[in-house]
file query_9.pdb (PDB, C-alpha atoms)
ATOM      1  CA  MET I   1      42.432 -21.157  -6.089
ATOM      2  CA  ALA I   2      40.990 -20.497  -9.516
ATOM      3  CA  THR I   3      37.644 -18.729  -9.688
ATOM      4  CA  PRO I   4      35.145 -21.269 -10.985
ATOM      5  CA  GLN I   5      33.457 -20.182 -14.214
ATOM      6  CA  ARG I   6      29.906 -20.736 -13.109
ATOM      7  CA  PRO I   7      27.045 -19.550 -15.277
ATOM      8  CA  LEU I   8      25.410 -16.387 -13.940
ATOM      9  CA  SER I   9      21.661 -16.078 -13.733
ATOM     10  CA  PRO I  10      20.500 -13.752 -16.521
ATOM     11  CA  PHE I  11      19.747 -10.173 -15.495
ATOM     12  CA  THR I  12      16.349  -8.673 -16.266
ATOM     13  CA  ASP I  13      17.538  -6.831 -19.403
ATOM     14  CA  ILE I  14      18.084 -10.145 -21.193
ATOM     15  CA  TYR I  15      14.358 -10.885 -21.331
ATOM     16  CA  ARG I  16      11.870  -9.850 -23.988
ATOM     17  CA  TRP I  17       9.458  -7.245 -22.618
ATOM     18  CA  GLN I  18       6.375  -8.785 -21.037
ATOM     19  CA  ILE I  19       3.405  -7.140 -19.351
ATOM     20  CA  THR I  20       3.799  -9.424 -16.320
ATOM     21  CA  MET I  21       7.215  -8.015 -15.364
ATOM     22  CA  THR I  22       6.043  -4.434 -15.907
ATOM     23  CA  LEU I  23       2.997  -4.828 -13.676
ATOM     24  CA  SER I  24       5.125  -6.553 -11.047
ATOM     25  CA  ILE I  25       7.650  -3.708 -10.793
ATOM     26  CA  LEU I  26       4.837  -1.132 -10.970
ATOM     27  CA  HIS I  27       3.255  -2.845  -7.955
ATOM     28  CA  ARG I  28       6.425  -2.161  -5.974
ATOM     29  CA  ILE I  29       6.921   1.392  -7.262
ATOM     30  CA  THR I  30       3.289   2.374  -6.570
ATOM     31  CA  GLY I  31       3.568   0.700  -3.158
ATOM     32  CA  ILE I  32       6.575   2.868  -2.236
ATOM     33  CA  ILE I  33       4.795   6.008  -3.503
ATOM     34  CA  LEU I  34       1.700   5.090  -1.445
ATOM     35  CA  ALA I  35       3.820   4.577   1.686
ATOM     36  CA  VAL I  36       5.061   8.155   1.252
ATOM     37  CA  GLY I  37       1.545   9.353   0.413
ATOM     38  CA  ALA I  38       0.211   7.823   3.640
ATOM     39  CA  PHE I  39       1.981  10.684   5.428
ATOM     40  CA  GLY I  40      -0.084  13.063   3.304
ATOM     41  CA  ILE I  41      -3.208  11.475   4.808
ATOM     42  CA  ALA I  42      -1.726  12.032   8.293
ATOM     43  CA  TRP I  43      -1.046  15.662   7.342
ATOM     44  CA  TRP I  44      -4.653  16.106   6.145
ATOM     45  CA  LEU I  45      -6.084  14.590   9.363
ATOM     46  CA  LEU I  46      -3.834  16.838  11.475
ATOM     47  CA  ALA I  47      -5.105  19.865   9.554
ATOM     48  CA  VAL I  48      -8.736  18.835  10.120
ATOM     49  CA  SER I  49      -8.063  18.339  13.844
ATOM     50  CA  ALA I  50      -6.154  21.633  14.218
ATOM     51  CA  SER I  51      -8.360  24.506  13.137
ATOM     52  CA  ASP I  52     -10.450  26.100  10.420
ATOM     53  CA  ILE I  53      -7.454  28.152   9.204
ATOM     54  CA  ARG I  54      -5.058  25.184   9.091
ATOM     55  CA  TYR I  55      -7.651  23.135   7.154
ATOM     56  CA  ARG I  56      -8.159  25.959   4.660
ATOM     57  CA  GLN I  57      -4.383  26.303   4.203
ATOM     58  CA  PHE I  58      -4.127  22.563   3.557
ATOM     59  CA  MET I  59      -7.024  22.588   1.086
ATOM     60  CA  ASP I  60      -5.586  25.623  -0.756
ATOM     61  CA  LEU I  61      -2.359  23.682  -1.185
ATOM     62  CA  ALA I  62      -4.132  20.430  -2.134
ATOM     63  CA  THR I  63      -6.337  22.122  -4.746
ATOM     64  CA  SER I  64      -3.498  24.200  -6.267
ATOM     65  CA  VAL I  65      -2.194  23.000  -9.658
ATOM     66  CA  PRO I  66       0.886  21.193  -8.225
ATOM     67  CA  GLY I  67      -1.336  19.811  -5.445
ATOM     68  CA  LYS I  68      -3.798  18.393  -7.933
ATOM     69  CA  ILE I  69      -0.995  16.847 -10.012
ATOM     70  CA  VAL I  70       0.311  15.096  -6.881
ATOM     71  CA  LEU I  71      -3.207  13.981  -5.902
ATOM     72  CA  ALA I  72      -3.902  12.694  -9.428
ATOM     73  CA  GLY I  73      -0.700  10.645  -9.326
ATOM     74  CA  PHE I  74      -1.411   9.415  -5.830
ATOM     75  CA  SER I  75      -4.979   8.387  -6.693
ATOM     76  CA  TYR I  76      -3.750   6.487  -9.759
ATOM     77  CA  CYS I  77      -1.108   4.667  -7.684
ATOM     78  CA  LEU I  78      -3.713   3.801  -5.044
ATOM     79  CA  ILE I  79      -6.196   2.393  -7.555
ATOM     80  CA  TYR I  80      -3.517   0.540  -9.530
ATOM     81  CA  HIS I  81      -2.003  -1.008  -6.380
ATOM     82  CA  LEU I  82      -5.467  -1.969  -5.116
ATOM     83  CA  LEU I  83      -6.465  -3.674  -8.394
ATOM     84  CA  ASN I  84      -3.124  -5.445  -8.849
ATOM     85  CA  GLY I  85      -3.266  -6.366  -5.158
ATOM     86  CA  LEU I  86      -6.554  -8.162  -5.826
ATOM     87  CA  ARG I  87      -4.683 -10.017  -8.589
ATOM     88  CA  HIS I  88      -2.092 -11.046  -6.002
ATOM     89  CA  LEU I  89      -4.841 -12.265  -3.648
ATOM     90  CA  LEU I  90      -6.260 -14.318  -6.537
ATOM     91  CA  TRP I  91      -2.850 -15.968  -6.978
ATOM     92  CA  ASP I  92      -2.599 -16.509  -3.218
ATOM     93  CA  SER I  93      -5.858 -18.457  -3.431
ATOM     94  CA  GLY I  94      -4.196 -20.693  -6.032
ATOM     95  CA  HIS I  95      -5.958 -19.337  -9.129
ATOM     96  CA  GLY I  96      -4.988 -17.464 -12.277
ATOM     97  CA  PHE I  97      -1.686 -19.182 -13.065
ATOM     98  CA  GLU I  98      -2.454 -20.051 -16.704
ATOM     99  CA  ILE I  99      -0.445 -17.873 -19.112
ATOM    100  CA  ARG I 100      -3.655 -16.716 -20.805
ATOM    101  CA  GLN I 101      -5.018 -15.685 -17.379
ATOM    102  CA  PHE I 102      -1.869 -13.681 -16.557
ATOM    103  CA  TYR I 103      -2.420 -11.599 -19.690
ATOM    104  CA  LEU I 104      -6.171 -11.306 -19.190
ATOM    105  CA  THR I 105      -6.029 -10.189 -15.543
ATOM    106  CA  GLY I 106      -2.969  -7.992 -16.271
ATOM    107  CA  TRP I 107      -4.625  -6.009 -19.043
ATOM    108  CA  THR I 108      -7.855  -5.845 -17.031
ATOM    109  CA  VAL I 109      -5.893  -4.152 -14.224
ATOM    110  CA  VAL I 110      -4.281  -1.691 -16.677
ATOM    111  CA  VAL I 111      -7.593  -0.698 -18.293
ATOM    112  CA  LEU I 112      -9.600  -0.611 -15.046
ATOM    113  CA  SER I 113      -6.948   1.471 -13.254
ATOM    114  CA  PHE I 114      -7.334   4.259 -15.810
ATOM    115  CA  VAL I 115     -11.137   3.940 -15.990
ATOM    116  CA  LEU I 116     -11.595   4.026 -12.200
ATOM    117  CA  THR I 117      -9.111   6.897 -11.681
ATOM    118  CA  GLY I 118     -10.946   8.841 -14.392
ATOM    119  CA  GLY I 119     -14.263   7.987 -12.738
ATOM    120  CA  LEU I 120     -12.993   9.167  -9.350
ATOM    121  CA  TRP I 121     -11.923  12.533 -10.782
ATOM    122  CA  PHE I 122     -15.208  12.798 -12.686
ATOM    123  CA  LEU I 123     -17.010  12.417  -9.332
ATOM    124  CA  ALA I 124     -14.608  14.930  -7.748
ATOM    125  CA  MET I 125     -15.361  17.421 -10.513
ATOM    126  CA  GLY I 126     -19.058  16.850  -9.923
ATOM    127  CA  GLN I 127     -18.385  17.978  -6.352
ATOM    128  CA  GLY I 128     -16.810  21.193  -7.603
ATOM    129  CA  ILE I 129     -13.108  20.380  -8.134
ATOM    130  CA  SER I 130     -11.896  22.067 -11.317
ATOM    131  CA  PRO I 131      -9.550  20.019 -13.523
TER     132      PRO I 131
ATOM    133  CA  MET W   1       6.490 -35.508  -0.796
ATOM    134  CA  SER W   2       9.264 -37.749  -2.124
ATOM    135  CA  ALA W   3       9.431 -41.465  -1.477
ATOM    136  CA  PRO W   4      10.859 -42.656   1.873
ATOM    137  CA  GLY W   5      14.635 -42.439   1.928
ATOM    138  CA  MET W   6      14.687 -40.156  -1.122
ATOM    139  CA  ASP W   7      14.279 -36.904   0.830
ATOM    140  CA  LYS W   8      17.397 -34.799   0.184
ATOM    141  CA  SER W   9      16.340 -32.087   2.640
ATOM    142  CA  MET W  10      18.962 -31.103   5.226
ATOM    143  CA  ARG W  11      16.254 -29.957   7.636
ATOM    144  CA  THR W  12      15.352 -32.032  10.650
ATOM    145  CA  PRO W  13      11.819 -33.469  10.829
ATOM    146  CA  LEU W  14      11.160 -31.192  13.817
ATOM    147  CA  ALA W  15      12.225 -28.061  11.892
ATOM    148  CA  ARG W  16       9.978 -29.102   8.996
ATOM    149  CA  ALA W  17       7.043 -29.694  11.329
ATOM    150  CA  ARG W  18       7.505 -26.306  12.997
ATOM    151  CA  GLY W  19       7.676 -24.625   9.583
ATOM    152  CA  LEU W  20       9.342 -21.488  10.902
ATOM    153  CA  GLY W  21      12.254 -21.297   8.429
ATOM    154  CA  SER W  22      15.469 -19.314   8.853
ATOM    155  CA  ALA W  23      13.701 -16.099   9.867
ATOM    156  CA  LYS W  24      11.985 -18.011  12.708
ATOM    157  CA  GLY W  25       8.745 -16.252  11.842
ATOM    158  CA  GLY W  26       7.130 -18.805   9.535
ATOM    159  CA  VAL W  27       4.408 -17.237   7.398
ATOM    160  CA  HIS W  28       3.557 -14.493   9.901
ATOM    161  CA  HIS W  29       4.807 -11.597   7.734
ATOM    162  CA  TRP W  30       3.110 -13.032   4.653
ATOM    163  CA  TRP W  31      -0.143 -13.557   6.516
ATOM    164  CA  VAL W  32      -0.333 -10.089   8.109
ATOM    165  CA  GLN W  33       0.459  -8.510   4.736
ATOM    166  CA  ARG W  34      -2.552 -10.350   3.261
ATOM    167  CA  LEU W  35      -4.745  -9.568   6.261
ATOM    168  CA  THR W  36      -4.041  -5.830   5.980
ATOM    169  CA  ALA W  37      -4.394  -6.063   2.186
ATOM    170  CA  VAL W  38      -7.931  -7.456   2.483
ATOM    171  CA  ALA W  39      -8.818  -4.809   5.095
ATOM    172  CA  LEU W  40      -7.487  -2.068   2.807
ATOM    173  CA  ALA W  41      -9.240  -3.501  -0.261
ATOM    174  CA  LEU W  42     -12.517  -3.137   1.656
ATOM    175  CA  LEU W  43     -11.788   0.250   3.284
ATOM    176  CA  THR W  44     -10.094   2.113   0.423
ATOM    177  CA  PRO W  45     -13.215   2.478  -1.804
ATOM    178  CA  TRP W  46     -15.080   3.786   1.255
ATOM    179  CA  PHE W  47     -12.209   6.179   2.043
ATOM    180  CA  LEU W  48     -12.101   7.551  -1.502
ATOM    181  CA  TRP W  49     -15.866   8.017  -1.511
ATOM    182  CA  THR W  50     -15.655   9.857   1.826
ATOM    183  CA  LEU W  51     -12.919  12.154   0.469
ATOM    184  CA  VAL W  52     -14.980  12.989  -2.613
ATOM    185  CA  SER W  53     -18.059  13.710  -0.484
ATOM    186  CA  LEU W  54     -15.989  16.188   1.610
ATOM    187  CA  ILE W  55     -14.974  18.329  -1.381
ATOM    188  CA  GLY W  56     -16.147  21.906  -0.967
ATOM    189  CA  VAL W  57     -17.511  21.260   2.534
ATOM    190  CA  PRO W  58     -16.451  23.951   5.063
ATOM    191  CA  HIS W  59     -14.206  22.952   7.956
ATOM    192  CA  PRO W  60     -16.730  22.738  10.838
ATOM    193  CA  ALA W  61     -18.893  20.344   8.810
ATOM    194  CA  VAL W  62     -15.840  18.274   7.743
ATOM    195  CA  ALA W  63     -14.748  17.918  11.379
ATOM    196  CA  HIS W  64     -18.308  17.083  12.403
ATOM    197  CA  MET W  65     -18.659  14.411   9.676
ATOM    198  CA  LEU W  66     -15.268  12.797  10.383
ATOM    199  CA  GLY W  67     -15.901  12.932  14.139
ATOM    200  CA  ASP W  68     -19.014  10.775  13.756
ATOM    201  CA  PRO W  69     -17.967   7.320  15.073
ATOM    202  CA  ARG W  70     -19.537   5.745  11.968
ATOM    203  CA  ARG W  71     -16.752   7.451   9.989
ATOM    204  CA  ALA W  72     -14.056   7.922  12.663
ATOM    205  CA  LEU W  73     -13.835   4.207  13.516
ATOM    206  CA  PRO W  74     -13.498   2.944   9.913
ATOM    207  CA  LEU W  75     -11.026   5.798   9.403
ATOM    208  CA  LEU W  76      -8.971   4.554  12.374
ATOM    209  CA  ALA W  77      -9.049   1.024  10.952
ATOM    210  CA  PHE W  78      -8.021   2.390   7.541
ATOM    211  CA  VAL W  79      -4.974   4.381   8.745
ATOM    212  CA  LEU W  80      -3.782   1.569  11.041
ATOM    213  CA  ALA W  81      -4.059  -1.046   8.261
ATOM    214  CA  LEU W  82      -2.460   1.412   5.827
ATOM    215  CA  PHE W  83       0.670   2.134   7.892
ATOM    216  CA  TRP W  84       1.023  -1.495   8.935
ATOM    217  CA  HIS W  85       0.778  -2.657   5.316
ATOM    218  CA  ALA W  86       3.242   0.092   4.278
ATOM    219  CA  LYS W  87       5.725  -1.045   6.930
ATOM    220  CA  LEU W  88       5.539  -4.684   5.775
ATOM    221  CA  GLY W  89       5.883  -3.692   2.116
ATOM    222  CA  LEU W  90       8.840  -1.349   2.684
ATOM    223  CA  GLN W  91      10.491  -4.075   4.759
ATOM    224  CA  VAL W  92      10.449  -6.486   1.801
ATOM    225  CA  VAL W  93      11.757  -3.849  -0.610
ATOM    226  CA  ILE W  94      14.651  -3.020   1.747
ATOM    227  CA  GLU W  95      15.412  -6.740   2.264
ATOM    228  CA  ASP W  96      15.513  -7.266  -1.509
ATOM    229  CA  TYR W  97      17.631  -4.306  -2.612
ATOM    230  CA  VAL W  98      19.809  -3.099   0.287
ATOM    231  CA  HIS W  99      22.698  -5.496   0.834
ATOM    232  CA  THR W 100      24.992  -3.409   3.047
ATOM    233  CA  ARG W 101      24.145  -4.759   6.450
ATOM    234  CA  TRP W 102      24.364  -1.569   8.562
ATOM    235  CA  MET W 103      22.454   0.386   5.921
ATOM    236  CA  GLU W 104      19.760  -2.288   5.749
ATOM    237  CA  ILE W 105      19.277  -2.260   9.528
ATOM    238  CA  ALA W 106      19.248   1.552   9.633
ATOM    239  CA  LEU W 107      16.644   1.692   6.833
ATOM    240  CA  GLN W 108      14.486  -1.012   8.442
ATOM    241  CA  MET W 109      14.494   0.971  11.675
ATOM    242  CA  ALA W 110      13.784   4.251   9.901
ATOM    243  CA  ALA W 111      10.870   2.732   7.931
ATOM    244  CA  THR W 112       9.414   1.130  11.052
ATOM    245  CA  PHE W 113       9.703   4.296  13.150
ATOM    246  CA  ALA W 114       8.295   6.454  10.357
ATOM    247  CA  CYS W 115       5.270   4.191   9.819
ATOM    248  CA  ALA W 116       4.633   3.902  13.562
ATOM    249  CA  GLY W 117       4.930   7.678  13.841
ATOM    250  CA  GLY W 118       2.536   8.260  10.941
ATOM    251  CA  ALA W 119       0.001   5.886  12.478
ATOM    252  CA  LEU W 120       0.301   7.581  15.888
ATOM    253  CA  VAL W 121      -0.191  11.034  14.364
ATOM    254  CA  CYS W 122      -3.326   9.783  12.571
ATOM    255  CA  VAL W 123      -4.722   8.229  15.757
ATOM    256  CA  TYR W 124      -4.020  11.451  17.666
ATOM    257  CA  ALA W 125      -5.734  13.574  14.994
ATOM    258  CA  ILE W 126      -8.779  11.281  14.719
ATOM    259  CA  VAL W 127      -9.238  11.141  18.495
ATOM    260  CA  ARG W 128      -9.002  14.941  18.591
ATOM    261  CA  ILE W 129     -11.600  15.231  15.830
ATOM    262  CA  MET W 130     -13.901  12.661  17.478
ATOM    263  CA  PHE W 131     -13.979  14.444  20.807
ATOM    264  CA  ALA W 132     -13.753  17.922  19.243
ATOM    265  CA  LEU W 133     -10.672  18.731  21.341
TER     266      LEU W 133
END
call {"tool": "encode", "arguments": {"input": "query_9.pdb", "output": "structure tokens"}}
result
Amino acid sequence: MATPQRPLSPFTDIYRWQITMTLSILHRITGIILAVGAFGIAWWLLAVSASDIRYRQFMDLATSVPGKIVLAGFSYCLIYHLLNGLRHLLWDSGHGFEIRQFYLTGWTVVVLSFVLTGGLWFLAMGQGISP
Amino acid sequence: MSAPGMDKSMRTPLARARGLGSAKGGVHHWWVQRLTAVALALLTPWFLWTLVSLIGVPHPAVAHMLGDPRRALPLLAFVLALFWHAKLGLQVVIEDYVHTRWMEIALQMAATFACAGGALVCVYAIVRIMFAL
């Protein structure tokens, strides 16, 4: 039997770049990173529950340069995923489906994610964390 | 809804009324993902604020602060919602991208066990902190 020559659905690389697709895939990527990072929270809680020495060892690691790079990335992912998640909840409620609104809420998430992550680290530095 | 007699659906009226679909779970996954999302949207700002307020605080005071039920209970809610939400999210990613059946099942199991394990470890640690064990 001959293979029917059906049209294939176009793959993602056929489309012009749009912010909507970028934010969508970032939502997934940050979600996977956060799932891994959740085990870091478990690790931190275990250290607190264990002993003074174990907590200090954890904090030394967390406040080392590689530790702070990981925490900076993790905090950005958390704030991005939270803000874009609110965008998803807005859609779930049946709002925000106009093209203009997609762009408006999308860029709001991008800008706010950087502002809020910066604000969080500004507060952390106020508490004595060095950059 | 289309006009009477124009419905091309192959589903029986009973199947449509039940609304469970081929996964037999209806909107349960979708709903719990949203439920945990709303919980996390409320708890995450509190969690981040708590973390920042603990910077530079020595261990006995950290354990004392986190052991206070006013922090330990929201913290329990946070980690449970977090690992549940992570499990549901990873499930969808695996369903979408892993098409080798045995690998998909193995990954779904691994993700579920890992998230359950992470949640259990958090509960154990928080209970230990609460009762200063």
call {"tool": "atom_distance", "arguments": {"input": "query_9.pdb", "atom1": "atom CA of Ala114 of chain W", "atom2": "atom CA of Lys24 of chain W"}}
result
24.9 Å
call {"tool": "residues_near_point", "arguments": {"input": "query_9.pdb", "point": "(-6.6, 19.9, -11.3)", "cutoff": "7 Å", "atoms": "all atoms listed in the file", "output": "MDAnalysis selection string"}}
result
chainID I and resid 63 65 68:69 130:131
call {"tool": "write_last_selection", "arguments": {"input": "query_9.pdb", "atoms": "C-alpha atoms", "output": "short mmCIF file (atom, residue, chain, number, x, y, z; two decimals), keeping the file's coordinate frame"}}
result
data_model
loop_
_atom_site.label_atom_id
_atom_site.label_comp_id
_atom_site.auth_asym_id
_atom_site.auth_seq_id
_atom_site.Cartn_x
_atom_site.Cartn_y
_atom_site.Cartn_z
CA THR I 63 -6.34 22.12 -4.75
CA VAL I 65 -2.19 23.00 -9.66
CA LYS I 68 -3.80 18.39 -7.93
CA ILE I 69 -1.00 16.85 -10.01
CA SER I 130 -11.90 22.07 -11.32
CA PRO I 131 -9.55 20.02 -13.52
#
call {"tool": "residues_around", "arguments": {"input": "query_9.pdb", "residues": "Gly37 of chain I", "least_positions_apart": "5", "cutoff": "10 Å", "atoms": "only C-alpha atoms", "output": "VMD selection string"}}
result
chain I and resid 31 to 32 42 to 43 70 to 71 74 to 75 77 to 78
call {"tool": "interface_residues", "arguments": {"input": "query_9.pdb", "of": "chain I", "to": "chain W", "cutoff": "9 Å", "atoms": "all atoms listed in the file", "output": "PyMOL selection string"}}
result
chain I and resi 28+31-32+34-36+38-39+41-43+45-53+55-56+75+78-79+82-83+85-86+89+92+120-121+123-124+127-129
call {"tool": "axis_aligned_box", "arguments": {"input": "query_9.pdb", "around": "segment 44-47 of chain W", "padding_each_side": "8 Å", "output": "AutoDock Vina command-line options"}}
result
--center_x -12.6 --center_y 4.1 --center_z 0.1 --size_x 21.0 --size_y 20.1 --size_z 19.8
call {"tool": "closest_residue", "arguments": {"input": "query_9.pdb", "among": "I:Ala72, I:Ile33, I:Met21, I:Leu8", "to": "Gly119 of chain I", "atoms": "only C-alpha atoms"}}
result
I:Ala72
call {"tool": "atom_distance", "arguments": {"input": "query_9.pdb", "atom1": "atom CA of Ala17 of chain W", "atom2": "atom CA of Ser93 of chain I"}}
result
22.6 Å
call {"tool": "atom_distance", "arguments": {"input": "query_9.pdb", "atom1": "atom CA of Gln18 of chain I", "atom2": "atom CA of Gly106 of chain I"}}
result
10.5 Å
call {"tool": "residues_near_point", "arguments": {"input": "query_9.pdb", "point": "(-5.1, -12.6, -10.6)", "cutoff": "12 Å", "atoms": "all atoms listed in the file", "output": "PDB file with C-alpha atoms, in the frame of the given file"}}
result
ATOM      1  CA  THR I  20       3.799  -9.424 -16.320  1.00  0.00           C
ATOM      2  CA  LEU I  23       2.997  -4.828 -13.676  1.00  0.00           C
ATOM      3  CA  SER I  24       5.125  -6.553 -11.047  1.00  0.00           C
ATOM      4  CA  LEU I  82      -5.467  -1.969  -5.116  1.00  0.00           C
ATOM      5  CA  LEU I  83      -6.465  -3.674  -8.394  1.00  0.00           C
ATOM      6  CA  ASN I  84      -3.124  -5.445  -8.849  1.00  0.00           C
ATOM      7  CA  GLY I  85      -3.266  -6.366  -5.158  1.00  0.00           C
ATOM      8  CA  LEU I  86      -6.554  -8.162  -5.826  1.00  0.00           C
ATOM      9  CA  ARG I  87      -4.683 -10.017  -8.589  1.00  0.00           C
ATOM     10  CA  HIS I  88      -2.092 -11.046  -6.002  1.00  0.00           C
ATOM     11  CA  LEU I  89      -4.841 -12.265  -3.648  1.00  0.00           C
ATOM     12  CA  LEU I  90      -6.260 -14.318  -6.537  1.00  0.00           C
ATOM     13  CA  TRP I  91      -2.850 -15.968  -6.978  1.00  0.00           C
ATOM     14  CA  ASP I  92      -2.599 -16.509  -3.218  1.00  0.00           C
ATOM     15  CA  SER I  93      -5.858 -18.457  -3.431  1.00  0.00           C
ATOM     16  CA  GLY I  94      -4.196 -20.693  -6.032  1.00  0.00           C
ATOM     17  CA  HIS I  95      -5.958 -19.337  -9.129  1.00  0.00           C
ATOM     18  CA  GLY I  96      -4.988 -17.464 -12.277  1.00  0.00           C
ATOM     19  CA  PHE I  97      -1.686 -19.182 -13.065  1.00  0.00           C
ATOM     20  CA  GLU I  98      -2.454 -20.051 -16.704  1.00  0.00           C
ATOM     21  CA  ILE I  99      -0.445 -17.873 -19.112  1.00  0.00           C
ATOM     22  CA  ARG I 100      -3.655 -16.716 -20.805  1.00  0.00           C
ATOM     23  CA  GLN I 101      -5.018 -15.685 -17.379  1.00  0.00           C
ATOM     24  CA  PHE I 102      -1.869 -13.681 -16.557  1.00  0.00           C
ATOM     25  CA  TYR I 103      -2.420 -11.599 -19.690  1.00  0.00           C
ATOM     26  CA  LEU I 104      -6.171 -11.306 -19.190  1.00  0.00           C
ATOM     27  CA  THR I 105      -6.029 -10.189 -15.543  1.00  0.00           C
ATOM     28  CA  GLY I 106      -2.969  -7.992 -16.271  1.00  0.00           C
ATOM     29  CA  TRP I 107      -4.625  -6.009 -19.043  1.00  0.00           C
ATOM     30  CA  THR I 108      -7.855  -5.845 -17.031  1.00  0.00           C
ATOM     31  CA  VAL I 109      -5.893  -4.152 -14.224  1.00  0.00           C
TER      32      VAL I 109
END
call {"tool": "build_atoms", "arguments": {"input": "query_9.pdb", "residues": "segment 91-102 of chain W", "atoms": "N, CA and C atoms", "output": "tab-separated table (two decimals), keeping the file's coordinate frame"}}
result
chain	number	residue	atom	x	y	z
W	91	GLN	N	9.55	-3.10	4.20
W	91	GLN	CA	10.49	-4.08	4.76
W	91	GLN	C	11.00	-5.02	3.66
W	92	VAL	N	10.07	-5.54	2.85
W	92	VAL	CA	10.45	-6.49	1.80
W	92	VAL	C	11.32	-5.81	0.75
W	93	VAL	N	10.97	-4.57	0.39
W	93	VAL	CA	11.76	-3.85	-0.61
W	93	VAL	C	13.18	-3.63	-0.10
W	94	ILE	N	13.32	-3.23	1.16
W	94	ILE	CA	14.65	-3.02	1.75
W	94	ILE	C	15.43	-4.35	1.79
W	95	GLU	N	14.75	-5.42	2.22
W	95	GLU	CA	15.41	-6.74	2.26
W	95	GLU	C	15.93	-7.15	0.89
W	96	ASP	N	15.15	-6.83	-0.16
W	96	ASP	CA	15.51	-7.27	-1.51
W	96	ASP	C	16.65	-6.46	-2.13
W	97	TYR	N	16.72	-5.16	-1.85
W	97	TYR	CA	17.63	-4.31	-2.61
W	97	TYR	C	18.79	-3.72	-1.83
W	98	VAL	N	18.71	-3.71	-0.49
W	98	VAL	CA	19.81	-3.10	0.29
W	98	VAL	C	20.65	-4.22	0.90
W	99	HIS	N	21.89	-4.35	0.42
W	99	HIS	CA	22.70	-5.50	0.83
W	99	HIS	C	23.84	-5.12	1.76
W	100	THR	N	24.01	-3.82	2.05
W	100	THR	CA	24.99	-3.41	3.05
W	100	THR	C	24.31	-3.49	4.40
W	101	ARG	N	24.88	-4.36	5.25
W	101	ARG	CA	24.14	-4.76	6.45
W	101	ARG	C	23.74	-3.59	7.34
W	102	TRP	N	24.71	-2.67	7.65
W	102	TRP	CA	24.36	-1.57	8.56
W	102	TRP	C	23.32	-0.65	7.94
